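Let me begin by presenting the structure, written as structure tokens, before commenting on it.
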Amino acid sequence: MAQFTGTITNAFRPEGGVNIAVKGIEDDRVIVAPTGPTFNFDKKVDGKTLTFTMAPSSGTTEEPRKVKVEVKKGSEKVTITPTHWEVEITSSSSPTEVNVTIFIEYK
């Protein structure tokens with residue numbers, strides 16, 4: 001059994017309707033919105049891998065939208081689909097600390 005603790009932050013432009021639906025960390029989906037941009041979690045899983053998805057309500061996952069994942073005591077993999085990001089965190093030692101930021105990269 002592995003334990004994962006961390007935060008998911010929505011750093012999109014602070015405008016109404018830019019919500020992020022997170023599935024796979026709690027029983028139901030969690031909405032991370034600009035008015036409450038950070039969701040803290042503490043999740044135990046059987047095995048060593050935590051997998052969850054994040055979907056923006058205001059569009060797609062196309063560039064310049066990005067996801068940054070920082071992991072202490074583990075590794076990460078982010079898979080991008082047109083409608084959501086799938087994040088897979090593998091623990092090398094418990095508890096594994098995870099920080100995820102969804103943002104727009106301006107060039």
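To be explicit about the labels: the chains of the structure tokens are called A, B, and onward in the order shown, and within each one the residues are counted from 1, while ligands get numbers from 1 in the order they are shown.
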Per DSSP on the backbone, filter chain A down to the residues in strand (DSSP E or B) and report them as number ranges by chain.
A: 2-11, 20-23, 30-33, 36, 38-45, 49-56, 65-72, 74-80, 85-91, 96-104
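Each of A:Val32, A:Val45, A:Leu50, A:Ile80 was checked against Asn10 in chain A using only C-alpha atoms; the smallest atom-to-atom distance is that of A:Val32.
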Calculated over only C-alpha atoms, which of the candidates A:Ala11, A:Val67, A:Ala55, A:Val98 has the smallest distance to Asn40 in chain A?
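Between A:Ala11, A:Val67, A:Ala55, A:Val98, the residue approaching Asn40 in chain A most closely is A:Val98.
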Check the smallest atom-to-atom distance from each of A:Ser92, A:Arg65, A:Val30, A:Pro56 to Glu105 in chain A using only C-alpha atoms, then report the winner.
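Of the candidates, the smallest distance to Glu105 in chain A is held by A:Arg65.
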Hey, what's within 12 Å of Asp28 in chain A if we count only C-alpha atoms and toss same-chain stuff fewer than 6 positions away? As number ranges by chain, please?
A: 21-22, 52
